[in-house]
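Structure below is target10.pdb: PDB, C-alpha atoms.
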ATOM      1  CA  MET A   1     112.460 154.626 111.786
ATOM      2  CA  LYS A   2     114.428 151.695 113.051
ATOM      3  CA  ALA A   3     118.183 151.020 112.781
ATOM      4  CA  GLY A   4     119.728 150.935 109.326
ATOM      5  CA  ALA A   5     116.760 152.489 107.503
ATOM      6  CA  GLU A   6     117.658 154.924 104.704
ATOM      7  CA  LEU A   7     115.469 157.867 103.795
ATOM      8  CA  TYR A   8     116.100 159.827 100.585
ATOM      9  CA  ASP A   9     115.013 163.297  99.424
ATOM     10  CA  HIS A  10     111.431 164.545  99.323
ATOM     11  CA  CYS A  11     109.845 161.731 101.350
ATOM     12  CA  VAL A  12     106.769 162.459 103.460
ATOM     13  CA  LEU A  13     106.216 160.341 106.572
ATOM     14  CA  GLY A  14     103.035 160.194 108.667
ATOM     15  CA  LYS A  15     100.828 162.138 106.239
ATOM     16  CA  LEU A  16      97.239 162.516 107.402
ATOM     17  CA  PRO A  17      94.478 161.675 104.918
ATOM     18  CA  THR A  18      92.567 164.741 103.778
ATOM     19  CA  SER A  19      89.452 165.424 101.738
ATOM     20  CA  PRO A  20      87.553 168.505 100.645
ATOM     21  CA  GLY A  21      84.366 166.468 101.150
ATOM     22  CA  SER A  22      84.452 164.732  97.789
ATOM     23  CA  THR A  23      85.262 161.199  98.954
ATOM     24  CA  ALA A  24      82.736 158.496  99.788
ATOM     25  CA  ARG A  25      84.795 157.323 102.778
ATOM     26  CA  THR A  26      84.852 159.135 106.078
ATOM     27  CA  TYR A  27      88.138 159.589 107.876
ATOM     28  CA  GLY A  28      88.759 158.775 111.502
ATOM     29  CA  SER A  29      90.670 160.838 113.997
ATOM     30  CA  GLU A  30      93.110 158.155 115.212
ATOM     31  CA  TYR A  31      95.451 156.217 112.971
ATOM     32  CA  GLY A  32      98.391 155.141 115.108
ATOM     33  CA  LYS A  33     102.081 155.503 114.414
ATOM     34  CA  THR A  34     103.906 155.217 111.133
ATOM     35  CA  VAL A  35     106.565 152.521 111.600
ATOM     36  CA  ILE A  36     109.512 151.810 109.292
ATOM     37  CA  GLY A  37     111.431 148.610 109.987
ATOM     38  CA  GLU A  38     115.145 147.948 110.135
ATOM     39  CA  ASN A  39     117.270 148.257 106.994
ATOM     40  CA  CYS A  40     114.451 149.648 104.840
ATOM     41  CA  ILE A  41     115.165 151.964 101.924
ATOM     42  CA  LEU A  42     112.747 154.776 101.091
ATOM     43  CA  CYS A  43     113.700 156.160  97.681
ATOM     44  CA  PRO A  44     113.057 159.793  96.696
ATOM     45  CA  GLY A  45     109.459 160.997  96.835
ATOM     46  CA  VAL A  46     107.955 158.172  98.920
ATOM     47  CA  ILE A  47     104.761 159.155 100.761
ATOM     48  CA  LEU A  48     103.734 157.107 103.802
ATOM     49  CA  TYR A  49     100.458 157.975 105.463
ATOM     50  CA  THR A  50      99.929 157.763 109.195
ATOM     51  CA  GLY A  51      99.228 154.415 110.830
ATOM     52  CA  THR A  52     101.205 152.481 108.219
ATOM     53  CA  THR A  53     103.748 149.802 109.155
ATOM     54  CA  ILE A  54     106.643 148.764 106.921
ATOM     55  CA  GLY A  55     108.509 145.557 107.834
ATOM     56  CA  HIS A  56     112.278 145.188 107.809
ATOM     57  CA  ASN A  57     114.532 144.964 104.726
ATOM     58  CA  THR A  58     111.835 146.424 102.462
ATOM     59  CA  LEU A  59     112.462 148.742  99.507
ATOM     60  CA  LEU A  60     109.983 151.487  98.648
ATOM     61  CA  GLY A  61     110.711 152.817  95.153
ATOM     62  CA  ASP A  62     110.690 156.359  93.827
ATOM     63  CA  ASN A  63     107.379 158.190  94.255
ATOM     64  CA  CYS A  64     105.392 155.280  95.667
ATOM     65  CA  SER A  65     102.510 156.145  97.959
ATOM     66  CA  ILE A  66     101.164 153.969 100.775
ATOM     67  CA  ARG A  67      97.952 155.167 102.410
ATOM     68  CA  GLU A  68      96.783 155.025 106.020
ATOM     69  CA  LYS A  69      96.504 151.832 108.073
ATOM     70  CA  CYS A  70      98.454 149.643 105.625
ATOM     71  CA  GLU A  71     100.850 146.876 106.576
ATOM     72  CA  VAL A  72     103.762 145.868 104.338
ATOM     73  CA  GLY A  73     105.785 142.804 105.328
ATOM     74  CA  ASP A  74     109.491 142.029 105.476
ATOM     75  CA  TYR A  75     111.770 141.729 102.420
ATOM     76  CA  CYS A  76     109.260 143.371 100.063
ATOM     77  CA  ILE A  77     109.707 145.599  97.037
ATOM     78  CA  ILE A  78     107.076 148.231  96.372
ATOM     79  CA  SER A  79     108.468 149.697  93.178
ATOM     80  CA  ARG A  80     108.381 153.088  91.409
ATOM     81  CA  ASN A  81     105.072 154.957  91.219
ATOM     82  CA  VAL A  82     103.079 152.195  92.932
ATOM     83  CA  SER A  83     100.023 153.372  94.844
ATOM     84  CA  VAL A  84      98.783 151.269  97.752
ATOM     85  CA  ASN A  85      95.435 152.462  99.058
ATOM     86  CA  TYR A  86      94.102 152.438 102.644
ATOM     87  CA  GLU A  87      93.813 149.433 105.002
ATOM     88  CA  THR A  88      95.690 147.023 102.736
ATOM     89  CA  THR A  89      97.895 144.180 103.959
ATOM     90  CA  ILE A  90     100.907 142.926 101.988
ATOM     91  CA  GLY A  91     102.767 139.800 103.173
ATOM     92  CA  ASN A  92     106.476 139.008 103.341
ATOM     93  CA  HIS A  93     108.767 138.598 100.303
ATOM     94  CA  THR A  94     106.201 140.187  97.969
ATOM     95  CA  LYS A  95     107.107 142.323  94.946
ATOM     96  CA  ILE A  96     104.823 144.886  93.331
ATOM     97  CA  MET A  97     106.333 146.398  90.217
ATOM     98  CA  ASP A  98     106.221 149.869  88.607
ATOM     99  CA  ASN A  99     103.022 151.847  88.042
ATOM    100  CA  SER A 100     100.628 149.363  89.653
ATOM    101  CA  HIS A 101      97.611 150.364  91.743
ATOM    102  CA  ILE A 102      96.724 148.320  94.808
ATOM    103  CA  THR A 103      93.208 149.277  95.880
ATOM    104  CA  GLY A 104      91.963 149.850  99.413
ATOM    105  CA  ASN A 105      90.944 146.927 101.620
ATOM    106  CA  MET A 106      93.066 144.485  99.611
ATOM    107  CA  ARG A 107      94.958 141.494 101.043
ATOM    108  CA  ILE A 108      98.127 140.245  99.374
ATOM    109  CA  GLY A 109      99.915 137.175 100.710
ATOM    110  CA  ASN A 110     103.536 136.096 101.016
ATOM    111  CA  HIS A 111     105.886 135.510  98.065
ATOM    112  CA  VAL A 112     103.482 137.187  95.626
ATOM    113  CA  PHE A 113     104.716 138.797  92.389
ATOM    114  CA  ILE A 114     102.632 141.574  90.849
ATOM    115  CA  SER A 115     104.013 142.830  87.545
ATOM    116  CA  VAL A 116     103.905 146.337  86.042
ATOM    117  CA  LEU A 117     100.716 148.297  85.310
ATOM    118  CA  VAL A 118      98.416 146.011  87.306
ATOM    119  CA  ALA A 119      95.144 147.622  88.391
ATOM    120  CA  SER A 120      92.830 146.521  91.171
ATOM    121  CA  THR A 121      89.439 147.884  92.236
ATOM    122  CA  ASN A 122      87.207 147.605  95.280
ATOM    123  CA  ASP A 123      83.870 149.136  94.269
ATOM    124  CA  ASN A 124      81.576 147.628  91.627
ATOM    125  CA  SER A 125      79.288 150.682  91.747
ATOM    126  CA  MET A 126      82.206 153.032  90.992
ATOM    127  CA  GLY A 127      80.997 155.331  93.774
ATOM    128  CA  ARG A 128      77.559 155.909  92.240
ATOM    129  CA  GLU A 129      75.617 154.366  95.136
ATOM    130  CA  SER A 130      75.218 156.214  98.433
ATOM    131  CA  ASP A 131      76.290 153.221 100.543
ATOM    132  CA  ALA A 132      79.265 152.286  98.332
ATOM    133  CA  ALA A 133      81.813 153.058 101.065
ATOM    134  CA  GLU A 134      80.202 150.445 103.339
ATOM    135  CA  ARG A 135      80.552 147.680 100.746
ATOM    136  CA  LEU A 136      84.132 148.172  99.562
ATOM    137  CA  SER A 137      85.836 144.832  98.979
ATOM    138  CA  GLY A 138      89.340 144.664  97.579
ATOM    139  CA  PRO A 139      90.691 141.552  95.849
ATOM    140  CA  VAL A 140      92.623 138.874  97.753
ATOM    141  CA  VAL A 141      95.862 137.528  96.279
ATOM    142  CA  GLU A 142      96.983 134.418  98.149
ATOM    143  CA  ASP A 143     100.548 133.174  98.779
ATOM    144  CA  TYR A 144     102.865 132.457  95.819
ATOM    145  CA  ALA A 145     100.432 133.878  93.240
ATOM    146  CA  THR A 146     101.724 135.754  90.173
ATOM    147  CA  ILE A 147      99.874 138.578  88.438
ATOM    148  CA  GLY A 148     101.032 139.405  84.887
ATOM    149  CA  ALA A 149     101.645 142.834  83.377
ATOM    150  CA  GLY A 150      98.586 144.966  82.782
ATOM    151  CA  ALA A 151      96.132 142.596  84.466
ATOM    152  CA  SER A 152      93.001 143.975  86.156
ATOM    153  CA  LEU A 153      91.508 142.508  89.339
ATOM    154  CA  LEU A 154      87.872 143.386  90.070
ATOM    155  CA  PRO A 155      86.354 143.844  93.550
ATOM    156  CA  GLY A 156      86.250 140.857  95.877
ATOM    157  CA  VAL A 157      87.919 138.303  93.588
ATOM    158  CA  VAL A 158      90.293 135.770  95.143
ATOM    159  CA  VAL A 159      93.428 134.714  93.279
ATOM    160  CA  GLY A 160      94.265 131.344  94.821
ATOM    161  CA  THR A 161      97.571 130.066  96.167
ATOM    162  CA  ASN A 162     100.214 129.543  93.472
ATOM    163  CA  ALA A 163      97.837 130.711  90.709
ATOM    164  CA  VAL A 164      99.017 132.708  87.675
ATOM    165  CA  VAL A 165      97.060 135.537  86.076
ATOM    166  CA  GLY A 166      98.293 136.169  82.528
ATOM    167  CA  ALA A 167      99.250 139.570  81.155
ATOM    168  CA  SER A 168      96.303 141.886  80.386
ATOM    169  CA  ALA A 169      93.771 139.432  81.870
ATOM    170  CA  LEU A 170      90.542 140.811  83.331
ATOM    171  CA  VAL A 171      89.805 138.837  86.501
ATOM    172  CA  THR A 172      86.047 138.960  87.116
ATOM    173  CA  LYS A 173      85.711 135.827  89.269
ATOM    174  CA  ASN A 174      87.826 133.749  91.634
ATOM    175  CA  VAL A 175      90.953 132.053  90.289
ATOM    176  CA  PRO A 176      91.391 128.524  91.718
ATOM    177  CA  ALA A 177      94.668 127.650  93.429
ATOM    178  CA  GLY A 178      97.320 126.226  91.131
ATOM    179  CA  LYS A 179      95.633 127.331  87.887
ATOM    180  CA  VAL A 180      96.668 129.640  85.048
ATOM    181  CA  VAL A 181      94.065 132.115  83.789
ATOM    182  CA  MET A 182      94.211 134.342  80.721
ATOM    183  CA  GLY A 183      91.916 136.493  78.613
ATOM    184  CA  ILE A 184      89.039 138.943  78.846
ATOM    185  CA  PRO A 185      87.322 137.822  80.948
ATOM    186  CA  ALA A 186      89.999 135.596  82.470
ATOM    187  CA  ARG A 187      89.358 131.867  82.189
ATOM    188  CA  VAL A 188      91.305 128.819  83.311
ATOM    189  CA  ILE A 189      93.558 127.508  80.547
ATOM    190  CA  ARG A 190      95.679 124.954  82.398
ATOM    191  CA  ASP A 191      97.186 123.748  85.661
ATOM    192  CA  ILE A 192     100.477 125.118  86.927
TER
END
File written out as structure tokens:
Amino acid sequence: MKAGAELYDHCVLGKLPTSPGSTARTYGSEYGKTVIGENCILCPGVILYTGTTIGHNTLLGDNCSIREKCEVGDYCIISRNVSVNYETTIGNHTKIMDNSHITGNMRIGNHVFISVLVASTNDNSMGRESDAAERLSGPVVEDYATIGAGASLLPGVVVGTNAVVGASALVTKNVPAGKVVMGIPARVIRDI
């Protein structure tokens, strides 16, 4: 932990991933250090897995969990009960609001806003194929994009720069930069 960082009750830092053999992914033996930047705040119940880096001036809300080998940028908010799965990158000045799930192998850019109850996935086979772990592909959310409350992002989709995904939309294909999408499945309804 670097200078000025605040750590509240019941936080766990540097947790190793574990499995009773029920996961499709295999775990490595080396993960690197867990790094917490200057002036960060880790609210009660935060769990940071090993090999995760948190930039400076970032707030991690109550009971959020960030898995191994993730990178979170500077001036971010990862709010209450957010789960960020393994090997995910989150850029600077990004906000992810309460009760959202950020899947493994996801990339989120700078100045992104992800509202409450957003779900993302990285496996179209839902673990039913033996080689599923080798083909995991999280969504990509590019800089300045906005994801509305309750939206769902399917594996491998790209939400373009400055795009908006409406509340409760189901994103099944790429969202072009500068467009607004809504609906199930999400479709372009207008320019920004």
Q: Go through A:Ser115, A:Asn162, A:Ser137, A:Ser83 and flag the residue nearest Gly150 (chain A), using all atoms listed in the file for the distances.
A: A:Ser115
Q: Would you translate the PyMOL selection byres ((chain A and resi 40) around 8) into the concrete set of residues it matches in this file, as number ranges by chain?
A: A: 4-6, 36-39, 41-42, 55-60
(Q) I need the output of the PyMOL selection byres ((chain A and resi 61) around 10) for this file as number ranges by chain; which residues are they? (A) A: 41-46, 58-60, 62-65, 77-82, 97-98
Q.
Selection in question (the file shown): the PyMOL selection byres ((chain A and resi 93) around 9). Which residues does it include, as a ChimeraX atom specification?
A. /A:58,73-77,91-92,94-95,109-113
Q) Quick one: residues within 8 Å of Ile108 (chain A), all atoms listed in the file counted, chain neighbours fewer than 3 positions away excluded, as a ChimeraX atom specification? A) /A:88-91,112,140-143
Write the residues of the selection above to a file with C-alpha atoms, as an mmCIF file, in the coordinates of the input.
data_model
loop_
_atom_site.group_PDB
_atom_site.id
_atom_site.type_symbol
_atom_site.label_atom_id
_atom_site.label_comp_id
_atom_site.auth_asym_id
_atom_site.auth_seq_id
_atom_site.Cartn_x
_atom_site.Cartn_y
_atom_site.Cartn_z
ATOM 1 C CA THR A 88 95.690 147.023 102.736
ATOM 2 C CA THR A 89 97.895 144.180 103.959
ATOM 3 C CA ILE A 90 100.907 142.926 101.988
ATOM 4 C CA GLY A 91 102.767 139.800 103.173
ATOM 5 C CA VAL A 112 103.482 137.187 95.626
ATOM 6 C CA VAL A 140 92.623 138.874 97.753
ATOM 7 C CA VAL A 141 95.862 137.528 96.279
ATOM 8 C CA GLU A 142 96.983 134.418 98.149
ATOM 9 C CA ASP A 143 100.548 133.174 98.779
#
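One distance worth recording is that between CA of Gly156 (chain A) and CA of Asn122 (chain A), which is 6.8 Å.
Across the model, the gap from CA of Ala119 (chain A) to CA of Lys69 (chain A) is 20.2 Å.
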Only all heavy atoms, please: region 164-175 of chain A from the block, as a PDB file, in the first residue's frame.
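The result, written out as part-v3.pdb:
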ATOM      1  N   VAL A 164     -23.397   4.669 -26.290  1.00  0.00           N
ATOM      2  CA  VAL A 164     -24.286   4.543 -25.139  1.00  0.00           C
ATOM      3  C   VAL A 164     -25.128   3.290 -25.308  1.00  0.00           C
ATOM      4  O   VAL A 164     -25.768   3.101 -26.349  1.00  0.00           O
ATOM      5  CB  VAL A 164     -25.213   5.774 -24.995  1.00  0.00           C
ATOM      6  CG1 VAL A 164     -26.233   5.560 -23.888  1.00  0.00           C
ATOM      7  CG2 VAL A 164     -24.397   7.038 -24.742  1.00  0.00           C
ATOM      8  N   VAL A 165     -25.113   2.444 -24.282  1.00  0.00           N
ATOM      9  CA  VAL A 165     -25.960   1.262 -24.229  1.00  0.00           C
ATOM     10  C   VAL A 165     -27.088   1.582 -23.257  1.00  0.00           C
ATOM     11  O   VAL A 165     -26.847   1.867 -22.083  1.00  0.00           O
ATOM     12  CB  VAL A 165     -25.164   0.021 -23.761  1.00  0.00           C
ATOM     13  CG1 VAL A 165     -26.091  -1.166 -23.553  1.00  0.00           C
ATOM     14  CG2 VAL A 165     -24.062  -0.303 -24.760  1.00  0.00           C
ATOM     15  N   GLY A 166     -28.330   1.534 -23.735  1.00  0.00           N
ATOM     16  CA  GLY A 166     -29.479   1.883 -22.910  1.00  0.00           C
ATOM     17  C   GLY A 166     -29.732   0.875 -21.798  1.00  0.00           C
ATOM     18  O   GLY A 166     -29.274  -0.269 -21.844  1.00  0.00           O
ATOM     19  N   ALA A 167     -30.502   1.301 -20.802  1.00  0.00           N
ATOM     20  CA  ALA A 167     -30.853   0.448 -19.681  1.00  0.00           C
ATOM     21  C   ALA A 167     -31.529  -0.832 -20.166  1.00  0.00           C
ATOM     22  O   ALA A 167     -32.346  -0.803 -21.081  1.00  0.00           O
ATOM     23  CB  ALA A 167     -31.768   1.199 -18.723  1.00  0.00           C
ATOM     24  N   SER A 168     -31.152  -1.940 -19.554  1.00  0.00           N
ATOM     25  CA  SER A 168     -31.718  -3.276 -19.812  1.00  0.00           C
ATOM     26  C   SER A 168     -31.459  -3.806 -21.217  1.00  0.00           C
ATOM     27  O   SER A 168     -32.044  -4.812 -21.611  1.00  0.00           O
ATOM     28  CB  SER A 168     -33.220  -3.304 -19.528  1.00  0.00           C
ATOM     29  OG  SER A 168     -33.444  -3.019 -18.161  1.00  0.00           O
ATOM     30  N   ALA A 169     -30.597  -3.169 -21.988  1.00  0.00           N
ATOM     31  CA  ALA A 169     -30.283  -3.657 -23.337  1.00  0.00           C
ATOM     32  C   ALA A 169     -29.495  -4.959 -23.258  1.00  0.00           C
ATOM     33  O   ALA A 169     -28.728  -5.190 -22.320  1.00  0.00           O
ATOM     34  CB  ALA A 169     -29.476  -2.616 -24.102  1.00  0.00           C
ATOM     35  N   LEU A 170     -29.680  -5.809 -24.253  1.00  0.00           N
ATOM     36  CA  LEU A 170     -28.919  -7.047 -24.390  1.00  0.00           C
ATOM     37  C   LEU A 170     -28.005  -6.894 -25.598  1.00  0.00           C
ATOM     38  O   LEU A 170     -28.461  -6.939 -26.745  1.00  0.00           O
ATOM     39  CB  LEU A 170     -29.852  -8.246 -24.584  1.00  0.00           C
ATOM     40  CG  LEU A 170     -29.173  -9.583 -24.861  1.00  0.00           C
ATOM     41  CD1 LEU A 170     -28.253  -9.983 -23.712  1.00  0.00           C
ATOM     42  CD2 LEU A 170     -30.219 -10.655 -25.124  1.00  0.00           C
ATOM     43  N   VAL A 171     -26.714  -6.692 -25.337  1.00  0.00           N
ATOM     44  CA  VAL A 171     -25.754  -6.414 -26.408  1.00  0.00           C
ATOM     45  C   VAL A 171     -25.201  -7.740 -26.930  1.00  0.00           C
ATOM     46  O   VAL A 171     -24.412  -8.406 -26.268  1.00  0.00           O
ATOM     47  CB  VAL A 171     -24.630  -5.486 -25.918  1.00  0.00           C
ATOM     48  CG1 VAL A 171     -23.645  -5.192 -27.039  1.00  0.00           C
ATOM     49  CG2 VAL A 171     -25.216  -4.191 -25.368  1.00  0.00           C
ATOM     50  N   THR A 172     -25.632  -8.107 -28.136  1.00  0.00           N
ATOM     51  CA  THR A 172     -25.242  -9.374 -28.752  1.00  0.00           C
ATOM     52  C   THR A 172     -24.240  -9.190 -29.884  1.00  0.00           C
ATOM     53  O   THR A 172     -23.688 -10.161 -30.381  1.00  0.00           O
ATOM     54  CB  THR A 172     -26.476 -10.099 -29.312  1.00  0.00           C
ATOM     55  OG1 THR A 172     -27.081  -9.278 -30.312  1.00  0.00           O
ATOM     56  CG2 THR A 172     -27.487 -10.406 -28.208  1.00  0.00           C
ATOM     57  N   LYS A 173     -24.048  -7.940 -30.323  1.00  0.00           N
ATOM     58  CA  LYS A 173     -23.074  -7.659 -31.382  1.00  0.00           C
ATOM     59  C   LYS A 173     -22.444  -6.297 -31.117  1.00  0.00           C
ATOM     60  O   LYS A 173     -22.904  -5.538 -30.266  1.00  0.00           O
ATOM     61  CB  LYS A 173     -23.720  -7.717 -32.765  1.00  0.00           C
ATOM     62  CG  LYS A 173     -24.863  -6.762 -32.969  1.00  0.00           C
ATOM     63  CD  LYS A 173     -25.502  -6.986 -34.333  1.00  0.00           C
ATOM     64  CE  LYS A 173     -26.682  -6.042 -34.525  1.00  0.00           C
ATOM     65  NZ  LYS A 173     -27.316  -6.233 -35.829  1.00  0.00           N
ATOM     66  N   ASN A 174     -21.388  -5.986 -31.863  1.00  0.00           N
ATOM     67  CA  ASN A 174     -20.636  -4.763 -31.626  1.00  0.00           C
ATOM     68  C   ASN A 174     -21.512  -3.521 -31.735  1.00  0.00           C
ATOM     69  O   ASN A 174     -22.409  -3.454 -32.566  1.00  0.00           O
ATOM     70  CB  ASN A 174     -19.473  -4.658 -32.610  1.00  0.00           C
ATOM     71  CG  ASN A 174     -18.436  -5.737 -32.389  1.00  0.00           C
ATOM     72  OD1 ASN A 174     -18.424  -6.416 -31.372  1.00  0.00           O
ATOM     73  ND2 ASN A 174     -17.549  -5.896 -33.354  1.00  0.00           N
ATOM     74  N   VAL A 175     -21.194  -2.538 -30.876  1.00  0.00           N
ATOM     75  CA  VAL A 175     -21.883  -1.247 -30.883  1.00  0.00           C
ATOM     76  C   VAL A 175     -20.935  -0.240 -31.521  1.00  0.00           C
ATOM     77  O   VAL A 175     -19.838  -0.001 -30.998  1.00  0.00           O
ATOM     78  CB  VAL A 175     -22.237  -0.805 -29.447  1.00  0.00           C
ATOM     79  CG1 VAL A 175     -22.890   0.569 -29.454  1.00  0.00           C
ATOM     80  CG2 VAL A 175     -23.126  -1.839 -28.767  1.00  0.00           C
TER      81      VAL A 175
END
